[in-house]
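See below for protein.csv, which holds CSV, C-alpha atoms and all ligand atoms.
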chain,number,residue,atom,x,y,z
A,17,MET,CA,0.0,0.0,0.0
A,18,THR,CA,1.4,3.4,-0.9
A,19,THR,CA,1.2,6.0,1.8
A,20,THR,CA,1.7,9.7,1.5
A,21,ALA,CA,4.4,12.2,2.5
A,22,ARG,CA,3.0,15.6,2.8
A,23,VAL,CA,5.4,18.4,2.1
A,24,ALA,CA,5.6,22.0,3.3
A,25,MET,CA,8.0,24.2,1.3
A,26,ILE,CA,9.3,27.3,2.9
A,27,GLY,CA,10.3,30.0,0.4
A,28,ASN,CA,9.2,30.9,-3.1
A,29,GLY,CA,12.1,32.2,-5.1
A,30,PHE,CA,14.2,30.6,-7.8
A,31,MET,CA,14.7,27.4,-5.8
A,32,GLY,CA,11.0,27.4,-4.8
A,33,ALA,CA,10.2,27.0,-8.5
A,34,THR,CA,12.7,24.2,-9.0
A,35,HIS,CA,11.7,22.3,-5.9
A,36,SER,CA,8.0,22.6,-6.8
A,37,GLN,CA,8.8,21.1,-10.2
A,38,GLY,CA,10.7,18.3,-8.5
A,39,TRP,CA,7.9,17.4,-6.1
A,40,ARG,CA,5.3,17.7,-8.8
A,41,VAL,CA,7.1,15.5,-11.3
A,42,ALA,CA,8.8,12.8,-9.2
A,43,PRO,CA,5.7,10.8,-8.3
A,44,ARG,CA,4.5,10.9,-11.9
A,45,PHE,CA,7.6,9.3,-13.4
A,46,PHE,CA,9.0,7.2,-10.5
A,47,ASP,CA,7.2,4.4,-8.7
A,48,LEU,CA,7.7,5.7,-5.2
A,49,PRO,CA,7.1,3.9,-1.9
A,50,LEU,CA,5.7,7.2,-0.4
A,51,GLN,CA,3.6,9.5,-2.5
A,52,PRO,CA,4.7,13.1,-2.0
A,53,GLU,CA,1.8,15.6,-1.8
A,54,MET,CA,2.4,19.3,-2.2
A,55,ALA,CA,0.5,20.5,0.9
A,56,VAL,CA,1.6,24.0,1.8
A,57,MET,CA,3.9,26.7,0.5
A,58,VAL,CA,5.0,29.2,3.1
A,59,GLY,CA,6.1,32.8,2.1
A,60,ARG,CA,6.2,36.2,3.7
A,61,ASN,CA,4.3,38.2,1.1
A,62,PRO,CA,0.7,36.8,1.2
A,63,ASP,CA,-0.4,37.9,-2.3
A,64,LYS,CA,2.7,36.8,-4.1
A,65,ASN,CA,2.8,33.6,-2.1
A,66,ALA,CA,-0.8,32.6,-2.8
A,67,GLN,CA,-0.4,33.3,-6.5
A,68,LEU,CA,2.8,31.3,-6.8
A,69,ALA,CA,1.5,28.4,-4.7
A,70,ASP,CA,-1.4,28.1,-7.0
A,71,LYS,CA,0.7,28.4,-10.1
A,72,TRP,CA,3.2,25.8,-8.9
A,73,GLY,CA,0.6,23.3,-7.7
A,74,TRP,CA,0.6,23.7,-3.8
A,75,ALA,CA,-2.7,22.9,-2.2
A,76,GLU,CA,-2.4,25.8,0.3
A,77,ALA,CA,-0.5,29.0,0.9
A,78,SER,CA,0.5,30.2,4.4
A,79,GLU,CA,2.6,33.0,5.9
A,80,ASP,CA,3.1,31.1,9.2
A,81,PHE,CA,6.2,29.0,9.4
A,82,GLU,CA,5.7,27.9,13.1
A,83,ALA,CA,2.1,26.8,12.7
A,84,THR,CA,3.0,25.0,9.5
A,85,ILE,CA,5.9,22.9,10.8
A,86,ASN,CA,3.8,22.0,13.9
A,87,ARG,CA,0.9,20.6,11.8
A,88,ASP,CA,0.3,16.9,12.3
A,89,ASP,CA,-0.4,16.4,8.6
A,90,ILE,CA,3.0,17.6,7.5
A,91,ASP,CA,5.8,15.1,7.1
A,92,ILE,CA,8.6,16.9,5.2
A,93,VAL,CA,9.7,20.5,5.5
A,94,ASP,CA,11.6,21.7,2.4
A,95,ILE,CA,13.6,24.9,3.1
A,96,VAL,CA,14.4,27.1,0.0
A,97,THR,CA,15.0,30.4,1.8
A,98,PRO,CA,18.1,32.5,1.8
A,99,GLY,CA,20.9,31.0,4.0
A,100,ASP,CA,20.3,33.2,7.0
A,101,LEU,CA,17.1,31.3,7.8
A,102,HIS,CA,18.3,27.8,7.2
A,103,CYS,CA,19.7,27.0,10.7
A,104,ASP,CA,16.7,28.1,12.9
A,105,MET,CA,14.1,26.7,10.5
A,106,ALA,CA,15.8,23.4,9.9
A,107,ILE,CA,16.4,22.8,13.7
A,108,ALA,CA,12.8,23.8,14.5
A,109,ALA,CA,11.4,21.5,11.9
A,110,LEU,CA,13.6,18.6,13.0
A,111,GLU,CA,12.6,19.2,16.6
A,112,ALA,CA,8.9,19.2,15.5
A,113,GLY,CA,9.6,15.7,14.1
A,114,LYS,CA,9.6,16.6,10.4
A,115,HIS,CA,12.0,15.3,7.8
A,116,VAL,CA,14.0,18.2,6.3
A,117,LEU,CA,15.3,19.0,2.9
A,118,CYS,CA,17.5,22.2,3.0
A,119,GLU,CA,19.0,24.1,0.1
A,120,LYS,CA,22.7,24.6,0.0
A,121,PRO,CA,25.0,25.9,1.3
A,122,LEU,CA,23.7,24.2,4.5
A,123,ALA,CA,24.2,27.4,6.5
A,124,ASN,CA,25.9,30.8,6.6
A,125,THR,CA,28.5,29.9,9.2
A,126,VAL,CA,30.4,26.8,10.4
A,127,ASP,CA,28.8,27.2,13.8
A,128,GLU,CA,25.3,27.1,12.4
A,129,ALA,CA,26.2,24.1,10.2
A,130,ARG,CA,27.6,22.2,13.2
A,131,ARG,CA,24.4,22.8,15.2
A,132,MET,CA,22.3,21.7,12.3
A,133,ALA,CA,24.3,18.5,11.9
A,134,ALA,CA,23.9,17.8,15.6
A,135,ALA,CA,20.2,18.3,15.4
A,136,ALA,CA,20.0,16.0,12.4
A,137,ALA,CA,21.9,13.3,14.2
A,138,THR,CA,19.5,13.5,17.2
A,139,ALA,CA,16.5,13.4,14.8
A,140,ALA,CA,18.0,10.5,12.8
A,141,ASP,CA,18.1,8.4,16.0
A,142,LYS,CA,14.3,8.7,16.0
A,143,GLY,CA,13.9,7.9,12.2
A,144,VAL,CA,13.6,11.6,11.2
A,145,TYR,CA,16.0,12.5,8.4
A,146,ALA,CA,17.7,15.6,7.0
A,147,MET,CA,19.2,16.1,3.5
A,148,VAL,CA,21.0,19.0,1.8
A,149,GLY,CA,20.0,20.1,-1.7
A,150,PHE,CA,23.3,19.6,-3.6
A,151,THR,CA,21.1,18.7,-6.6
A,152,TYR,CA,23.8,18.4,-9.2
A,153,ARG,CA,24.8,15.0,-7.7
A,154,ARG,CA,21.5,13.9,-9.2
A,155,VAL,CA,22.3,14.8,-12.8
A,156,PRO,CA,22.5,11.3,-14.2
A,157,ALA,CA,25.8,12.0,-15.9
A,158,ALA,CA,27.4,13.3,-12.7
A,159,THR,CA,26.1,10.2,-10.8
A,160,PHE,CA,27.5,8.0,-13.6
A,161,ALA,CA,30.9,9.8,-13.4
A,162,ARG,CA,30.9,8.9,-9.7
A,163,ASP,CA,30.0,5.3,-10.5
A,164,LEU,CA,32.8,5.0,-13.1
A,165,VAL,CA,35.4,6.5,-10.7
A,166,ALA,CA,34.2,4.1,-7.9
A,167,ARG,CA,34.6,1.2,-10.3
A,168,GLY,CA,38.3,2.2,-10.8
A,169,ALA,CA,37.9,3.6,-14.3
A,170,VAL,CA,40.5,6.3,-13.7
A,171,GLY,CA,42.7,4.4,-11.3
A,172,THR,CA,44.4,6.3,-8.5
A,173,ILE,CA,43.3,9.9,-8.6
A,174,ARG,CA,46.1,12.5,-8.7
A,175,GLN,CA,44.4,15.7,-9.8
A,176,VAL,CA,40.9,17.3,-9.7
A,177,ARG,CA,39.9,20.5,-11.5
A,178,ALA,CA,36.5,21.9,-10.5
A,179,GLN,CA,35.0,25.2,-11.7
A,180,TYR,CA,31.7,26.8,-11.4
A,181,LEU,CA,31.5,29.8,-13.7
A,182,GLN,CA,28.6,32.2,-14.3
A,183,ASP,CA,28.7,35.8,-15.6
A,184,TRP,CA,25.5,37.5,-14.3
A,185,LEU,CA,27.4,39.9,-12.1
A,186,SER,CA,30.0,41.0,-14.7
A,187,ASP,CA,27.8,44.0,-15.5
A,188,PRO,CA,28.5,46.5,-12.7
A,189,GLN,CA,24.9,47.8,-13.0
A,190,ALA,CA,23.4,44.4,-12.1
A,191,PRO,CA,21.4,45.1,-8.9
A,192,LEU,CA,22.0,44.1,-5.3
A,193,THR,CA,20.2,40.8,-4.8
A,194,TRP,CA,20.2,39.1,-1.4
A,195,ARG,CA,22.9,36.9,-2.9
A,196,LEU,CA,25.3,39.9,-2.6
A,197,ASP,CA,24.5,40.5,1.1
A,198,LYS,CA,26.7,38.7,3.6
A,199,SER,CA,24.1,38.8,6.3
A,200,LYS,CA,21.6,36.9,4.1
A,201,ALA,CA,23.9,34.7,1.9
A,202,GLY,CA,26.9,34.1,4.2
A,203,SER,CA,29.3,34.5,1.2
A,204,GLY,CA,29.2,35.2,-2.5
A,205,SER,CA,30.4,33.0,-5.3
A,206,LEU,CA,32.1,30.8,-2.8
A,207,GLY,CA,29.0,29.6,-1.0
A,208,ASP,CA,26.4,30.1,-3.8
A,209,ILE,CA,28.2,28.2,-6.5
A,210,GLY,CA,31.6,27.2,-5.1
A,211,ALA,CA,29.8,25.0,-2.6
A,212,HIS,CA,28.4,23.0,-5.6
A,213,ALA,CA,31.9,22.5,-7.0
A,214,VAL,CA,33.2,21.3,-3.7
A,215,ASP,CA,30.4,18.9,-3.1
A,216,LEU,CA,30.4,17.5,-6.6
A,217,ALA,CA,34.2,17.0,-6.7
A,218,GLN,CA,34.1,15.2,-3.3
A,219,TYR,CA,31.1,13.2,-4.4
A,220,ILE,CA,32.7,12.1,-7.8
A,221,THR,CA,36.1,11.3,-6.3
A,222,GLY,CA,34.8,9.8,-3.0
A,223,HIS,CA,37.5,11.8,-1.2
A,224,SER,CA,37.3,14.8,1.2
A,225,LEU,CA,39.3,18.0,1.2
A,226,THR,CA,41.6,18.3,4.2
A,227,ASP,CA,43.5,21.5,3.5
A,228,VAL,CA,43.0,24.6,1.3
A,229,SER,CA,44.9,27.7,0.1
A,230,GLY,CA,42.5,30.3,-1.2
A,231,VAL,CA,42.1,33.7,-2.7
A,232,MET,CA,39.0,35.8,-2.9
A,233,GLU,CA,38.1,39.2,-4.4
A,234,THR,CA,35.2,41.6,-4.7
A,235,PHE,CA,35.5,43.3,-8.0
A,236,VAL,CA,32.5,45.6,-7.8
A,237,LYS,CA,32.0,47.0,-4.3
A,238,GLU,CA,28.9,49.2,-4.8
A,239,ARG,CA,25.8,48.4,-6.9
A,240,PRO,CA,22.4,49.8,-7.6
A,241,THR,CA,19.8,48.7,-5.0
A,242,MET,CA,17.1,46.3,-6.2
A,243,GLY,CA,14.1,47.9,-7.9
A,244,GLU,CA,11.4,46.0,-9.8
A,245,GLY,CA,11.4,42.2,-9.5
A,246,GLN,CA,13.6,40.0,-7.4
A,247,GLY,CA,16.5,37.6,-7.3
A,248,LEU,CA,18.5,36.9,-10.5
A,249,SER,CA,15.9,38.6,-12.8
A,250,GLY,CA,15.4,41.8,-10.7
A,251,SER,CA,16.1,45.2,-12.2
A,252,ALA,CA,18.0,48.2,-10.7
A,253,GLY,CA,16.2,50.8,-8.6
A,254,GLU,CA,17.2,54.2,-7.1
A,255,GLY,CA,20.5,54.6,-5.1
A,256,THR,CA,23.3,52.2,-4.5
A,257,GLY,CA,24.5,49.9,-1.7
A,258,PRO,CA,27.6,47.9,-0.8
A,259,VAL,CA,28.4,44.4,-2.0
A,260,THR,CA,29.4,42.5,1.2
A,261,VAL,CA,30.4,39.2,-0.3
A,262,ASP,CA,33.1,37.8,-2.6
A,263,ASP,CA,32.7,38.0,-6.4
A,264,PHE,CA,35.5,35.5,-7.0
A,265,ALA,CA,36.9,32.6,-5.0
A,266,ALA,CA,39.6,30.2,-6.0
A,267,PHE,CA,41.7,27.7,-4.1
A,268,THR,CA,44.1,24.8,-4.2
A,269,GLY,CA,43.0,21.9,-2.1
A,270,ARG,CA,44.5,18.7,-0.8
A,271,PHE,CA,42.3,15.6,-0.6
A,272,ASP,CA,42.6,12.9,2.1
A,273,SER,CA,43.9,10.6,-0.5
A,274,GLY,CA,46.8,12.9,-1.3
A,275,ALA,CA,45.3,14.1,-4.6
A,276,LEU,CA,45.4,17.8,-5.4
A,277,GLY,CA,42.5,19.9,-6.6
A,278,LEU,CA,42.1,23.3,-8.3
A,279,PHE,CA,38.8,25.1,-7.6
A,280,GLU,CA,37.3,28.3,-9.0
A,281,ALA,CA,33.9,29.9,-8.4
A,282,THR,CA,33.0,33.2,-10.1
A,283,ARG,CA,29.9,35.1,-11.3
A,284,PHE,CA,32.2,37.3,-13.4
A,285,ALA,CA,33.3,34.8,-16.1
A,286,THR,CA,32.0,36.8,-19.0
A,287,GLY,CA,30.3,34.4,-21.5
A,288,ARG,CA,30.1,31.5,-19.1
A,289,LYS,CA,26.4,31.2,-18.1
A,290,ASN,CA,26.3,28.1,-15.9
A,291,MET,CA,29.4,26.1,-16.4
A,292,LEU,CA,30.0,23.6,-13.6
A,293,GLN,CA,32.8,21.3,-14.6
A,294,VAL,CA,34.6,18.6,-12.6
A,295,GLU,CA,37.6,16.8,-14.3
A,296,VAL,CA,39.3,14.0,-12.5
A,297,SER,CA,42.7,12.7,-13.7
A,298,GLY,CA,44.1,9.3,-12.5
A,299,ASP,CA,46.8,6.9,-13.4
A,300,LYS,CA,44.4,4.9,-15.6
A,301,GLY,CA,42.3,7.6,-17.1
A,302,SER,CA,40.3,10.8,-16.8
A,303,ILE,CA,36.7,11.8,-16.5
A,304,LEU,CA,35.0,15.1,-17.2
A,305,PHE,CA,31.5,16.2,-16.3
A,306,ASN,CA,30.3,19.5,-17.6
A,307,LEU,CA,26.9,20.8,-16.7
A,308,GLU,CA,26.7,22.7,-20.0
A,309,ASP,CA,26.8,19.3,-21.7
A,310,MET,CA,24.8,17.6,-18.9
A,311,ASN,CA,23.7,14.4,-20.7
A,312,ALA,CA,27.3,13.3,-21.3
A,313,VAL,CA,30.5,12.2,-19.6
A,314,GLN,CA,33.9,12.5,-21.3
A,315,TYR,CA,36.0,9.5,-20.5
A,316,TYR,CA,39.7,8.8,-21.4
A,317,ASP,CA,40.9,5.3,-20.9
A,318,ALA,CA,44.7,5.3,-20.6
A,319,THR,CA,44.8,1.5,-20.6
A,320,ALA,CA,43.6,1.3,-24.2
A,321,PRO,CA,46.2,0.7,-26.9
A,322,SER,CA,48.0,3.9,-27.5
A,323,ASN,CA,46.9,4.2,-31.1
A,324,GLU,CA,43.2,4.1,-30.0
A,325,GLN,CA,43.4,6.5,-27.1
A,326,GLY,CA,41.4,9.7,-26.9
A,327,PHE,CA,38.5,11.2,-24.9
A,328,ARG,CA,35.2,9.6,-25.8
A,329,ARG,CA,31.8,11.1,-25.1
A,330,ILE,CA,29.5,8.7,-23.3
A,331,TYR,CA,25.9,9.8,-23.9
A,332,VAL,CA,24.2,9.1,-20.5
A,333,THR,CA,20.7,8.4,-21.7
A,334,GLU,CA,20.4,4.6,-21.6
A,335,ALA,CA,17.9,2.9,-19.4
A,336,ASP,CA,20.7,1.4,-17.3
A,337,HIS,CA,22.2,4.8,-16.6
A,338,PRO,CA,21.3,6.3,-13.2
A,339,TYR,CA,17.7,7.6,-13.1
A,340,MET,CA,17.2,7.3,-16.8
A,341,ALA,CA,14.9,4.3,-17.0
A,342,ALA,CA,12.1,6.5,-15.7
A,343,TRP,CA,12.4,9.0,-18.6
A,344,TRP,CA,12.6,8.7,-22.4
A,345,PRO,CA,13.9,6.2,-24.9
A,346,PRO,CA,17.7,6.1,-25.3
A,347,GLY,CA,19.1,9.3,-26.8
A,348,HIS,CA,16.3,11.5,-25.6
A,349,MET,CA,18.0,14.0,-23.3
A,350,ILE,CA,16.9,15.5,-20.0
A,351,GLY,CA,17.5,18.9,-18.4
A,352,TYR,CA,18.3,21.0,-15.4
A,353,GLU,CA,15.0,20.5,-13.7
A,354,HIS,CA,15.2,16.7,-13.7
A,355,GLY,CA,17.8,16.8,-10.9
A,356,PHE,CA,15.1,18.2,-8.6
A,357,ALA,CA,12.7,15.3,-9.3
A,358,HIS,CA,15.6,12.9,-8.6
A,359,GLN,CA,16.2,14.7,-5.4
A,360,ALA,CA,12.6,14.3,-4.3
A,361,LYS,CA,12.6,10.7,-5.3
A,362,ASP,CA,15.8,9.9,-3.4
A,363,LEU,CA,14.6,11.7,-0.3
A,364,VAL,CA,11.2,9.9,-0.1
A,365,GLU,CA,12.8,6.5,-0.8
A,366,ALA,CA,15.3,7.0,2.0
A,367,ILE,CA,12.5,8.0,4.4
A,368,ALA,CA,10.4,5.0,3.4
A,369,SER,CA,13.4,2.6,3.9
A,370,GLY,CA,14.5,4.2,7.2
A,371,GLN,CA,17.9,5.1,5.8
A,372,GLN,CA,19.9,8.3,6.1
A,373,PRO,CA,19.6,10.2,2.8
A,374,ARG,CA,22.8,11.7,1.3
A,375,PRO,CA,24.1,14.4,1.2
A,376,SER,CA,23.3,14.5,4.9
A,377,PHE,CA,23.6,17.5,7.1
A,378,GLU,CA,26.9,16.0,8.2
A,379,ASP,CA,28.0,16.2,4.6
A,380,GLY,CA,26.7,19.8,4.4
A,381,TYR,CA,28.7,20.6,7.5
A,382,GLN,CA,31.8,19.2,6.0
A,383,VAL,CA,31.4,21.4,2.8
A,384,GLN,CA,30.8,24.4,5.1
A,385,ARG,CA,34.1,23.7,6.8
A,386,VAL,CA,35.8,23.7,3.4
A,387,LEU,CA,34.2,27.1,2.5
A,388,ASP,CA,35.2,28.5,5.9
A,389,ALA,CA,38.8,27.3,5.5
A,390,VAL,CA,38.9,29.0,2.1
A,391,GLU,CA,37.8,32.3,3.6
A,392,ARG,CA,40.2,32.0,6.5
A,393,SER,CA,43.0,31.2,4.1
A,394,ALA,CA,42.2,34.1,1.8
A,395,GLY,CA,42.2,36.4,4.8
A,396,ALA,CA,45.6,35.1,5.8
A,397,GLY,CA,47.5,35.6,2.6
A,398,SER,CA,46.5,32.2,1.1
A,399,ALA,CA,48.1,30.3,4.0
A,400,TRP,CA,47.4,26.5,3.8
A,401,THR,CA,44.4,26.0,6.2
A,402,PRO,CA,43.0,22.8,7.5
A,403,THR,CA,39.3,22.0,7.0
A,404,ALA,CA,39.1,20.1,10.2
A,405,ALA,CA,36.4,21.1,12.7
A,406,ASN,CA,37.3,24.4,14.3
A,501,LIG,C1,21.0,26.8,-6.1
A,501,LIG,O1,21.4,25.5,-5.8
A,501,LIG,C2,22.1,27.5,-6.9
A,501,LIG,O2,23.3,27.4,-6.2
A,501,LIG,C3,21.8,28.9,-7.1
A,501,LIG,O3,21.8,29.6,-5.8
A,501,LIG,C4,22.8,29.5,-8.0
A,501,LIG,O4,22.7,30.8,-8.2
A,501,LIG,C5,22.7,28.7,-9.2
A,501,LIG,O5,22.9,29.2,-10.4
A,501,LIG,C6,23.0,27.3,-9.0
A,501,LIG,O6,22.1,26.8,-8.1
Translate this file's structure into C-alpha cells.
Amino acid sequence: MTTTARVAMIGNGFMGATHSQGWRVAPRFFDLPLQPEMAVMVGRNPDKNAQLADKWGWAEASEDFEATINRDDIDIVDIVTPGDLHCDMAIAALEAGKHVLCEKPLANTVDEARRMAAAAATAADKGVYAMVGFTYRRVPAATFARDLVARGAVGTIRQVRAQYLQDWLSDPQAPLTWRLDKSKAGSGSLGDIGAHAVDLAQYITGHSLTDVSGVMETFVKERPTMGEGQGLSGSAGEGTGPVTVDDFAAFTGRFDSGALGLFEATRFATGRKNMLQVEVSGDKGSILFNLEDMNAVQYYDATAPSNEQGFRRIYVTEADHPYMAAWWPPGHMIGYEHGFAHQAKDLVEAIASGQQPRPSFEDGYQVQRVLDAVERSAGAGSAWTPTAAN
C-alpha cells in the first residue's frame, strides 16, 4: 500500500520554483514507496505567495512557518529560503519531528552548520531524516561519473579540476540581490556556486578536502539597489549599496587521498552562463563532467592501446544509466529541472526505507568547513588552512 508524505515548502524564489517542479514530477515518473503531496507553501508576502502556490501546484499557501511545521499532517519540510534562515528553520522542523530538505550551502557559518548536523543526528536516531540540496549530484551523468570512478575507471586519482563559472554579475549595474548581502547569503560566489563545485568534486572522487589555500576578491564593491522584480531577474532601482560578499573565490585543495585539486567559483566569467565542470585525472584515465553538456560524460581510458586513445563522449541516456529508466527512450535527453525530481525521489525513498539520505547535514557541515577554511586562508595571505572542525 502506498502512503503519502505531505510536504511544506518554505520560500518561493528561484529554488522554490525548481523544488516545486521536483515534487510535482517525481511521483508521476518514478514508482515511489511514499507519494509526496504538495500540501503547503510558506512565504512572507501573502499575495505573491498565494499566487505562486497556486501556479506551482501547492494545495495551500501560508505565511506562518511555526504553525505549518507543527501541523500533524506535514511530514517533510523543504527549506528554500536565503541561507540566514536555514539554521533556525531546519532545527525547529527537525525538533517538530519533520524530515527536512534544506537548500545549499547548508548554513551561513560553520557554527550554524555544526548545530544543524547535531540536530540532524539526534533526529535520525528517531527515524527523522535531513538532507542538503546539492542537486547536481542527481544529474545522471554526474552520478554516472561517480560510479565510473568508484569502479576504478580512472585508477588512482592524482588531480581534480573543479570550476563553477557564471557571468550575471560582470555588469557593474546588475542590482544588489540578497545573494550579494553577507548577512543573508553568508558568502558570495564561494557559497552560492563554489559549494556545488566542492560537493560535486568530493562526491565524484569519493574523497574529502583536508587543507586549502585560497584567494577571494570583490571586483564591484557598490551596486544599484534592487528595484522591480527579485533575485536573479530583478532590475536596478534608485540609489546604491555595498556588496558585502566575494565576487570570485579560487583555491588549491589537498584531498585525504593525497590528490590535489584546483577550484574556481565566479559570477564574473564573462560568457560563461552556468558552467559547472569537474575533471578527475588518475593513473588509468580521466573523467570530465560539464553541466553545460549535462547528458554526457567525457572519458579517457589510458589503458587502451596507445593508437586508440582519446577522450570519448558517453551519452548518458540509456535505461541502465542512473535515473534514466524513468524517462525517455535512449538518446532523448533530459535537463536542469530533472535533478530536482531525482532529489525528491531519493529523499522519499530514503525516508520510506528508514535510511539516512545523502548528502546528509553532516556532509553539508563538511562542505561548510571547506568554505570557511577558504575564507580564513584568503584572509591570511592564502596560507594553507585545515578544513578540520574548528
Ligand atoms: C542553487 O542551488 C544554486 O546554487 C543557485 O543559488 C545558484 O545561483 C545557481 O545558479 C546554481 O544553483
Query - Residue neighbourhood A:Gly301, 7 Å, all atoms listed in the file, exclusion window fewer than 3 positions, as an MDAnalysis selection string - result: chainID A and resid 169:171 297:298 316:318
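In this comparison, which uses all atoms listed in the file, the residue of A:Ala139, A:Ile90, A:Leu196, A:Ala69 approaching ligand LIG 501 (chain A) most closely is A:Leu196.
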Query - Contacts of ligand LIG 501 (chain A), 8 Å or closer, all atoms listed in the file, given as a list in words - result: Phe30, Met31, Glu119, Lys120, Pro121, Gly149, Phe150, Thr151, Gln182, Arg195, Asp208, Ile209, Ala211, His212, Leu248 and Asn290 of chain A
Report task. For atom CA of A:Leu304 and atom CA of A:Val148, quote the distance in Å rounded to one decimal. Result -> 23.9 Å
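Taking atom CA of A:Thr159 and atom CA of A:Phe271 as the two end points, the separation is 19.9 Å.
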Starting from 5 Å padding per side, set up an axis-aligned box that covers all listed atoms of stretch 84-87 of chain A and hand over centre and edge lengths in Å, one decimal, as AutoDock Vina command-line options.
--center_x 3.4 --center_y 22.8 --center_z 11.7 --size_x 15.0 --size_y 14.4 --size_z 14.4
Report task. For stretch 381-393 of chain A, work out the shell of residues within 6 Å, counting only C-alpha atoms and skipping chain neighbours fewer than 6 positions away, then give it as a PyMOL selection string. Result -> chain A and resi 126+129+229-230+399+401+403
I need the chosen residues saved as a PDB file, in the frame of the given file, with C-alpha atoms.
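Saved file part.pdb follows:
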ATOM      1  CA  VAL A 126      30.400  26.800  10.400  1.00  0.00           C
ATOM      2  CA  ALA A 129      26.200  24.100  10.200  1.00  0.00           C
ATOM      3  CA  SER A 229      44.900  27.700   0.100  1.00  0.00           C
ATOM      4  CA  GLY A 230      42.500  30.300  -1.200  1.00  0.00           C
ATOM      5  CA  ALA A 399      48.100  30.300   4.000  1.00  0.00           C
ATOM      6  CA  THR A 401      44.400  26.000   6.200  1.00  0.00           C
ATOM      7  CA  THR A 403      39.300  22.000   7.000  1.00  0.00           C
TER       8      THR A 403
END
Report task. Find the distance between atom CA of A:Leu185 and atom CA of A:Ala266 and write it in Å to one decimal. Result -> 16.7 Å
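Take the candidates A:Leu122, A:Val23, A:Ala368, A:Leu110 and check each one against A:Asp89 using all atoms listed in the file; the shortest distance goes to A:Val23.
Distances here use only C-alpha atoms; by that measure, the residue among A:Ser224, A:Thr241, A:Thr125, A:Thr20 closest to A:Ala55 is A:Thr20.
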Query raised in the report: Could you name the residues that touch stretch 214-218 of chain A at 9 Å or less, counting all atoms listed in the file, but leaving out those on the same chain fewer than 4 positions away, as a VMD selection string?
Result: chain A and resid 150 152 to 153 158 176 to 178 209 to 210 222 to 225 271 277 279 294 to 296 375 379 to 380 383 386 to 387
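Closest approach to A:Ser369 among A:Ala75, A:Ala137, A:Ala66, A:Val144 is made by A:Val144 (distances from only C-alpha atoms).
You can rank A:Ala252, A:Leu206, A:Leu164, A:Val58 by their closest distance to A:Ala190 using all atoms listed in the file, and at the top of that list sits A:Ala252.
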